[in-house]
file my_file01.txt (compact mmCIF, N, CA and C atoms)
# COMPACT_ATOMS: atom_id res chain seq x y z
N MET A 1 35.49 40.97 43.77
CA MET A 1 34.35 41.77 43.42
C MET A 1 34.00 41.48 41.96
N ALA A 2 32.74 41.30 41.69
CA ALA A 2 32.28 40.98 40.34
C ALA A 2 32.18 42.23 39.48
N ASP A 3 32.24 42.02 38.17
CA ASP A 3 32.05 43.15 37.25
C ASP A 3 30.67 43.74 37.46
N GLU A 4 30.60 45.05 37.46
CA GLU A 4 29.34 45.74 37.68
C GLU A 4 29.26 46.92 36.73
N ALA A 5 28.09 47.16 36.17
CA ALA A 5 27.90 48.31 35.28
C ALA A 5 27.63 49.54 36.14
N VAL A 6 28.38 50.61 35.84
CA VAL A 6 28.24 51.86 36.58
C VAL A 6 28.06 52.97 35.56
N GLU A 7 27.09 53.83 35.81
CA GLU A 7 26.88 54.96 34.91
C GLU A 7 27.50 56.20 35.53
N LEU A 8 28.39 56.80 34.75
CA LEU A 8 29.07 58.02 35.19
C LEU A 8 28.62 59.17 34.31
N CYS A 9 28.60 60.35 34.88
CA CYS A 9 28.23 61.53 34.11
C CYS A 9 29.28 62.61 34.35
N VAL A 10 29.91 63.03 33.26
CA VAL A 10 30.91 64.09 33.32
C VAL A 10 30.60 65.05 32.18
N ALA A 11 30.50 66.31 32.52
CA ALA A 11 30.23 67.36 31.53
C ALA A 11 28.96 67.09 30.72
N GLY A 12 27.97 66.54 31.41
CA GLY A 12 26.71 66.27 30.74
C GLY A 12 26.73 65.03 29.88
N GLN A 13 27.85 64.38 29.79
CA GLN A 13 27.98 63.15 28.99
C GLN A 13 27.84 61.94 29.92
N ARG A 14 26.93 61.08 29.57
CA ARG A 14 26.74 59.85 30.36
C ARG A 14 27.54 58.73 29.72
N CYS A 15 28.16 57.97 30.57
CA CYS A 15 28.99 56.86 30.09
C CYS A 15 28.77 55.67 31.03
N ARG A 16 28.46 54.55 30.45
CA ARG A 16 28.25 53.34 31.25
C ARG A 16 29.51 52.49 31.13
N VAL A 17 30.07 52.15 32.28
CA VAL A 17 31.30 51.35 32.30
C VAL A 17 31.06 50.08 33.10
N VAL A 18 31.70 49.01 32.68
CA VAL A 18 31.65 47.76 33.42
C VAL A 18 33.00 47.63 34.12
N THR A 19 32.95 47.49 35.43
CA THR A 19 34.18 47.53 36.20
C THR A 19 34.06 46.73 37.49
N THR A 20 35.19 46.43 38.08
CA THR A 20 35.20 45.80 39.40
C THR A 20 35.42 46.85 40.49
N ALA A 21 35.63 48.08 40.08
CA ALA A 21 35.88 49.17 41.04
C ALA A 21 34.60 49.49 41.81
N ASP A 22 34.78 50.09 42.96
CA ASP A 22 33.66 50.51 43.81
C ASP A 22 32.88 51.63 43.11
N PRO A 23 31.59 51.44 42.88
CA PRO A 23 30.79 52.46 42.18
C PRO A 23 30.82 53.82 42.87
N ASP A 24 30.77 53.84 44.18
CA ASP A 24 30.80 55.12 44.90
C ASP A 24 32.12 55.85 44.69
N GLU A 25 33.19 55.07 44.65
CA GLU A 25 34.51 55.65 44.40
C GLU A 25 34.58 56.25 43.00
N LEU A 26 34.03 55.54 42.03
CA LEU A 26 34.00 56.04 40.66
C LEU A 26 33.18 57.33 40.56
N GLN A 27 32.06 57.38 41.24
CA GLN A 27 31.23 58.59 41.23
C GLN A 27 32.01 59.76 41.84
N GLU A 28 32.76 59.48 42.90
CA GLU A 28 33.57 60.52 43.54
C GLU A 28 34.65 61.03 42.58
N LEU A 29 35.27 60.12 41.85
CA LEU A 29 36.30 60.51 40.89
C LEU A 29 35.69 61.32 39.74
N ALA A 30 34.51 60.92 39.28
CA ALA A 30 33.83 61.67 38.23
C ALA A 30 33.51 63.09 38.73
N ALA A 31 33.13 63.21 39.99
CA ALA A 31 32.85 64.52 40.58
C ALA A 31 34.12 65.38 40.62
N MET A 32 35.26 64.74 40.84
CA MET A 32 36.53 65.48 40.83
C MET A 32 36.82 66.02 39.44
N VAL A 33 36.52 65.23 38.41
CA VAL A 33 36.71 65.68 37.03
C VAL A 33 35.78 66.86 36.75
N GLU A 34 34.54 66.75 37.19
CA GLU A 34 33.58 67.86 37.03
C GLU A 34 34.09 69.12 37.71
N GLU A 35 34.62 68.96 38.89
CA GLU A 35 35.15 70.11 39.65
C GLU A 35 36.31 70.76 38.91
N LYS A 36 37.18 69.93 38.36
CA LYS A 36 38.33 70.46 37.61
C LYS A 36 37.86 71.18 36.35
N LEU A 37 36.88 70.61 35.68
CA LEU A 37 36.33 71.27 34.49
C LEU A 37 35.73 72.62 34.84
N ALA A 38 35.00 72.69 35.94
CA ALA A 38 34.38 73.95 36.37
C ALA A 38 35.45 75.00 36.67
N ALA A 39 36.59 74.56 37.18
CA ALA A 39 37.68 75.49 37.48
C ALA A 39 38.35 75.99 36.21
N ILE A 40 38.34 75.18 35.17
CA ILE A 40 39.01 75.53 33.91
C ILE A 40 38.13 76.39 33.00
N LEU A 41 36.87 76.02 32.92
CA LEU A 41 35.96 76.68 31.98
C LEU A 41 35.29 77.92 32.58
N SER A 42 35.08 78.89 31.73
CA SER A 42 34.29 80.05 32.13
C SER A 42 32.83 79.61 32.20
N PRO A 43 32.06 80.19 33.12
CA PRO A 43 30.65 79.80 33.22
C PRO A 43 29.93 79.99 31.88
N GLY A 44 29.12 79.02 31.53
CA GLY A 44 28.35 79.09 30.30
C GLY A 44 29.06 78.58 29.07
N ARG A 45 30.36 78.34 29.17
CA ARG A 45 31.11 77.83 28.01
C ARG A 45 30.83 76.35 27.84
N PRO A 46 30.75 75.89 26.61
CA PRO A 46 30.50 74.45 26.38
C PRO A 46 31.77 73.65 26.69
N VAL A 47 31.54 72.41 27.08
CA VAL A 47 32.67 71.52 27.35
C VAL A 47 33.11 70.92 26.02
N THR A 48 34.33 71.24 25.66
CA THR A 48 34.89 70.73 24.40
C THR A 48 35.89 69.62 24.71
N THR A 49 36.31 68.98 23.63
CA THR A 49 37.35 67.96 23.79
C THR A 49 38.61 68.59 24.37
N GLN A 50 38.92 69.81 23.93
CA GLN A 50 40.10 70.51 24.47
C GLN A 50 39.96 70.74 25.97
N ALA A 51 38.78 71.13 26.42
CA ALA A 51 38.56 71.38 27.84
C ALA A 51 38.71 70.09 28.64
N MET A 52 38.17 69.00 28.10
CA MET A 52 38.32 67.70 28.79
C MET A 52 39.79 67.29 28.85
N LEU A 53 40.52 67.52 27.76
CA LEU A 53 41.95 67.20 27.75
C LEU A 53 42.69 68.06 28.75
N LEU A 54 42.36 69.33 28.79
CA LEU A 54 43.00 70.23 29.75
C LEU A 54 42.71 69.80 31.19
N ALA A 55 41.48 69.38 31.46
CA ALA A 55 41.13 68.88 32.80
C ALA A 55 41.94 67.63 33.13
N ALA A 56 42.08 66.74 32.16
CA ALA A 56 42.86 65.51 32.37
C ALA A 56 44.32 65.84 32.66
N VAL A 57 44.87 66.78 31.91
CA VAL A 57 46.27 67.18 32.13
C VAL A 57 46.42 67.85 33.50
N ALA A 58 45.45 68.68 33.86
CA ALA A 58 45.50 69.34 35.17
C ALA A 58 45.43 68.31 36.30
N LEU A 59 44.58 67.32 36.16
CA LEU A 59 44.49 66.26 37.17
C LEU A 59 45.77 65.43 37.22
N ALA A 60 46.35 65.16 36.06
CA ALA A 60 47.62 64.42 36.03
C ALA A 60 48.71 65.23 36.73
N ASN A 61 48.69 66.55 36.54
CA ASN A 61 49.65 67.41 37.22
C ASN A 61 49.44 67.37 38.74
N ASP A 62 48.18 67.37 39.17
CA ASP A 62 47.88 67.26 40.60
C ASP A 62 48.45 65.96 41.17
N VAL A 63 48.30 64.88 40.42
CA VAL A 63 48.82 63.58 40.86
C VAL A 63 50.34 63.63 40.98
N ARG A 64 50.99 64.21 39.96
CA ARG A 64 52.46 64.31 40.00
C ARG A 64 52.92 65.11 41.20
N GLU A 65 52.29 66.26 41.43
CA GLU A 65 52.67 67.10 42.58
C GLU A 65 52.47 66.36 43.90
N GLU A 66 51.38 65.62 44.00
CA GLU A 66 51.12 64.87 45.24
C GLU A 66 52.15 63.77 45.43
N ARG A 67 52.54 63.12 44.34
CA ARG A 67 53.59 62.09 44.44
C ARG A 67 54.91 62.70 44.90
N GLU A 68 55.23 63.88 44.37
CA GLU A 68 56.47 64.55 44.78
C GLU A 68 56.42 64.92 46.25
N ARG A 69 55.26 65.45 46.70
CA ARG A 69 55.11 65.79 48.13
C ARG A 69 55.23 64.54 48.99
N SER A 70 54.59 63.47 48.55
CA SER A 70 54.63 62.22 49.29
C SER A 70 56.06 61.68 49.40
N ALA A 71 56.79 61.74 48.30
CA ALA A 71 58.18 61.28 48.31
C ALA A 71 59.03 62.14 49.24
N ALA A 72 58.79 63.45 49.24
CA ALA A 72 59.55 64.35 50.13
C ALA A 72 59.25 64.04 51.59
N VAL A 73 57.98 63.80 51.90
CA VAL A 73 57.60 63.47 53.28
C VAL A 73 58.23 62.14 53.69
N ALA A 74 58.20 61.16 52.79
CA ALA A 74 58.80 59.86 53.09
C ALA A 74 60.30 59.99 53.33
N GLU A 75 60.96 60.80 52.51
CA GLU A 75 62.41 61.00 52.67
C GLU A 75 62.72 61.69 54.00
N LYS A 76 61.92 62.68 54.34
CA LYS A 76 62.10 63.39 55.61
C LYS A 76 61.87 62.45 56.79
N ALA A 77 60.83 61.63 56.71
CA ALA A 77 60.54 60.67 57.77
C ALA A 77 61.68 59.67 57.90
N LYS A 78 62.21 59.23 56.77
CA LYS A 78 63.34 58.28 56.79
C LYS A 78 64.54 58.91 57.49
N GLY A 79 64.80 60.18 57.20
CA GLY A 79 65.91 60.88 57.85
C GLY A 79 65.72 60.98 59.35
N HIS A 80 64.49 61.32 59.76
CA HIS A 80 64.20 61.42 61.20
C HIS A 80 64.33 60.06 61.87
N LEU A 81 63.87 59.02 61.20
CA LEU A 81 63.98 57.67 61.76
C LEU A 81 65.44 57.27 61.90
N GLN A 82 66.26 57.58 60.90
CA GLN A 82 67.68 57.25 61.00
C GLN A 82 68.34 58.00 62.15
N THR A 83 67.95 59.26 62.34
CA THR A 83 68.49 60.05 63.45
C THR A 83 68.09 59.42 64.79
N MET A 84 66.84 59.03 64.92
CA MET A 84 66.38 58.41 66.17
C MET A 84 67.09 57.09 66.42
N LEU A 85 67.25 56.28 65.38
CA LEU A 85 67.95 55.00 65.55
C LEU A 85 69.40 55.21 65.95
N ALA A 86 70.03 56.22 65.38
CA ALA A 86 71.41 56.53 65.75
C ALA A 86 71.48 56.93 67.23
N ARG A 87 70.51 57.71 67.69
CA ARG A 87 70.47 58.10 69.12
C ARG A 87 70.26 56.89 70.02
N VAL A 88 69.38 55.99 69.61
CA VAL A 88 69.13 54.78 70.40
C VAL A 88 70.40 53.95 70.45
N ASP A 89 71.05 53.77 69.29
CA ASP A 89 72.30 52.99 69.25
C ASP A 89 73.36 53.62 70.15
N ARG A 90 73.48 54.95 70.08
CA ARG A 90 74.47 55.66 70.90
C ARG A 90 74.16 55.50 72.39
N THR A 91 72.88 55.61 72.75
CA THR A 91 72.48 55.46 74.15
C THR A 91 72.77 54.06 74.65
N ILE A 92 72.48 53.05 73.83
CA ILE A 92 72.76 51.67 74.22
C ILE A 92 74.26 51.46 74.39
N ALA A 93 75.05 51.98 73.46
CA ALA A 93 76.51 51.83 73.54
C ALA A 93 77.05 52.51 74.79
N GLU A 94 76.55 53.71 75.09
CA GLU A 94 77.00 54.43 76.29
C GLU A 94 76.61 53.67 77.56
N SER A 95 75.42 53.11 77.56
CA SER A 95 74.95 52.35 78.71
C SER A 95 75.82 51.10 78.92
N GLU A 96 76.12 50.42 77.82
CA GLU A 96 76.98 49.24 77.91
C GLU A 96 78.38 49.61 78.36
N ALA A 97 78.88 50.76 77.90
CA ALA A 97 80.22 51.20 78.29
C ALA A 97 80.25 51.52 79.79
N ARG A 98 79.20 52.17 80.28
CA ARG A 98 79.15 52.48 81.72
C ARG A 98 79.06 51.21 82.54
N THR A 99 78.30 50.26 82.07
CA THR A 99 78.12 49.00 82.79
C THR A 99 79.43 48.23 82.85
N SER A 100 80.15 48.18 81.76
CA SER A 100 81.40 47.40 81.74
C SER A 100 82.54 48.16 82.43
N ALA A 101 82.42 49.47 82.58
CA ALA A 101 83.47 50.26 83.22
C ALA A 101 83.35 50.25 84.74
N LYS A 102 82.20 49.89 85.28
CA LYS A 102 82.02 49.86 86.73
C LYS A 102 82.82 48.71 87.30
N PRO A 103 83.55 48.98 88.40
CA PRO A 103 84.29 47.87 89.03
C PRO A 103 83.30 46.87 89.61
N SER A 104 83.61 45.62 89.39
CA SER A 104 82.69 44.60 89.91
C SER A 104 82.94 44.46 91.40
N ARG A 105 81.89 44.40 92.13
CA ARG A 105 81.98 44.25 93.58
C ARG A 105 81.79 42.78 93.89
N SER A 106 82.79 42.24 94.51
CA SER A 106 82.66 40.83 94.87
C SER A 106 82.18 40.73 96.31
N LYS A 107 81.66 39.61 96.65
CA LYS A 107 81.15 39.42 98.00
C LYS A 107 82.27 39.04 98.95
N LYS A 108 83.45 38.75 98.39
CA LYS A 108 84.59 38.42 99.26
C LYS A 108 85.00 39.68 99.99
N GLY A 109 85.38 39.54 101.20
CA GLY A 109 85.85 40.66 101.97
C GLY A 109 84.73 41.45 102.60
N ARG A 110 83.55 41.00 102.44
CA ARG A 110 82.41 41.69 103.04
C ARG A 110 82.03 41.08 104.39
N GLY A 111 82.73 40.21 104.80
CA GLY A 111 82.40 39.54 106.06
C GLY A 111 82.86 40.36 107.25
N LYS A 112 83.38 39.64 108.23
CA LYS A 112 83.86 40.29 109.44
C LYS A 112 85.18 40.96 109.16
N LYS A 113 85.41 42.04 109.89
CA LYS A 113 86.69 42.74 109.77
C LYS A 113 87.75 41.96 110.52
N LYS A 114 88.96 42.02 110.00
CA LYS A 114 90.05 41.38 110.69
C LYS A 114 90.38 42.20 111.92
N GLN A 115 90.62 41.52 112.97
CA GLN A 115 91.00 42.21 114.18
C GLN A 115 92.50 42.19 114.32
N ASN A 116 93.06 43.32 114.69
CA ASN A 116 94.52 43.39 114.89
C ASN A 116 94.81 42.97 116.32
N SER A 117 95.69 42.03 116.50
CA SER A 117 96.01 41.60 117.84
C SER A 117 97.37 42.06 118.24
call {"tool": "encode", "arguments": {"input": "my_file01.txt", "output": "structure tokens"}}
result
Amino acid sequence: MADEAVELCVAGQRCRVVTTADPDELQELAAMVEEKLAAILSPGRPVTTQAMLLAAVALANDVREERERSAAVAEKAKGHLQTMLARVDRTIAESEARTSAKPSRSKKGRGKKKQNS
């Protein structure tokens, strides 16, 4: 993807950036920053550098929490997968044990019965 100029607007501030990122994605991210700012600031309050910093820290915290949740889900999934694999291994071993424990039936002796004279 070629470098492209994208204009973003956050807190009434317009910023033109040159990037290879998807412009629609950048606009969506800028909207998330706006949303976070709106949650932090009281209505009618001006957006200050402190407010922008607080929004950035709040978003960074959201990212950290999501990473922790993601890691917990991955760990739980790994545990479930190990449990399932252990069950499969146990089932295969039991099946092999039953197969090897069965007496083999040979075709000898299946013919005619001996007659007693």
call {"tool": "select_by_dssp", "arguments": {"input": "my_file01.txt", "residues": "chain A", "states": "helix (DSSP H, G or I)", "output": "NGL selection string"}}
result
:A and (23-40 or 49-101)
call {"tool": "select_by_dssp", "arguments": {"input": "my_file01.txt", "residues": "chain A", "states": "strand (DSSP E)", "output": "list in words"}}
result
Glu4, Ala5, Val6, Glu7, Leu8, Cys9, Val10, Gln13, Arg14, Cys15, Arg16, Val17, Val18 and Thr19 of chain A
call {"tool": "closest_residue", "arguments": {"input": "my_file01.txt", "among": "A:Glu94, A:Gln13, A:Glu65, A:Glu7", "to": "Thr49 in chain A", "atoms": "only C-alpha atoms"}}
result
A:Gln13
call {"tool": "atom_distance", "arguments": {"input": "my_file01.txt", "atom1": "atom N of Ala21 in chain A", "atom2": "atom N of Ala72 in chain A"}}
result
29.3 Å
call {"tool": "atom_distance", "arguments": {"input": "my_file01.txt", "atom1": "atom N of Glu68 in chain A", "atom2": "CA of Glu28 in chain A"}}
result
21.9 Å
call {"tool": "residues_around", "arguments": {"input": "my_file01.txt", "residues": "range 23-26 of chain A", "least_positions_apart": "2", "cutoff": "8 Å", "atoms": "only N, CA and C atoms", "output": "list of chain:residue names"}}
result
A:Glu4, A:Ala5, A:Val6, A:Glu7, A:Leu8, A:Cys9, A:Thr19, A:Thr20, A:Ala21, A:Glu28, A:Leu29, A:Ala30, A:Ala31, A:Met32
call {"tool": "axis_aligned_box", "arguments": {"input": "my_file01.txt", "around": "range 73-90 of chain A", "padding_each_side": "6 Å", "output": "JSON"}}
result
{"center_x": 66.0, "center_y": 58.4, "center_z": 62.1, "size_x": 28.9, "size_y": 22.8, "size_z": 32.5}
call {"tool": "atom_distance", "arguments": {"input": "my_file01.txt", "atom1": "atom C of Ala97 in chain A", "atom2": "atom C of Gly79 in chain A"}}
result
26.8 Å
call {"tool": "closest_residue", "arguments": {"input": "my_file01.txt", "among": "A:Ala55, A:Gln27, A:Asp22, A:Val10", "to": "Ala39 in chain A", "atoms": "only C-alpha atoms"}}
result
A:Ala55
call {"tool": "closest_residue", "arguments": {"input": "my_file01.txt", "among": "A:Ala2, A:Val88, A:Val33, A:Leu81", "to": "Val18 in chain A", "atoms": "all atoms listed in the file"}}
result
A:Ala2
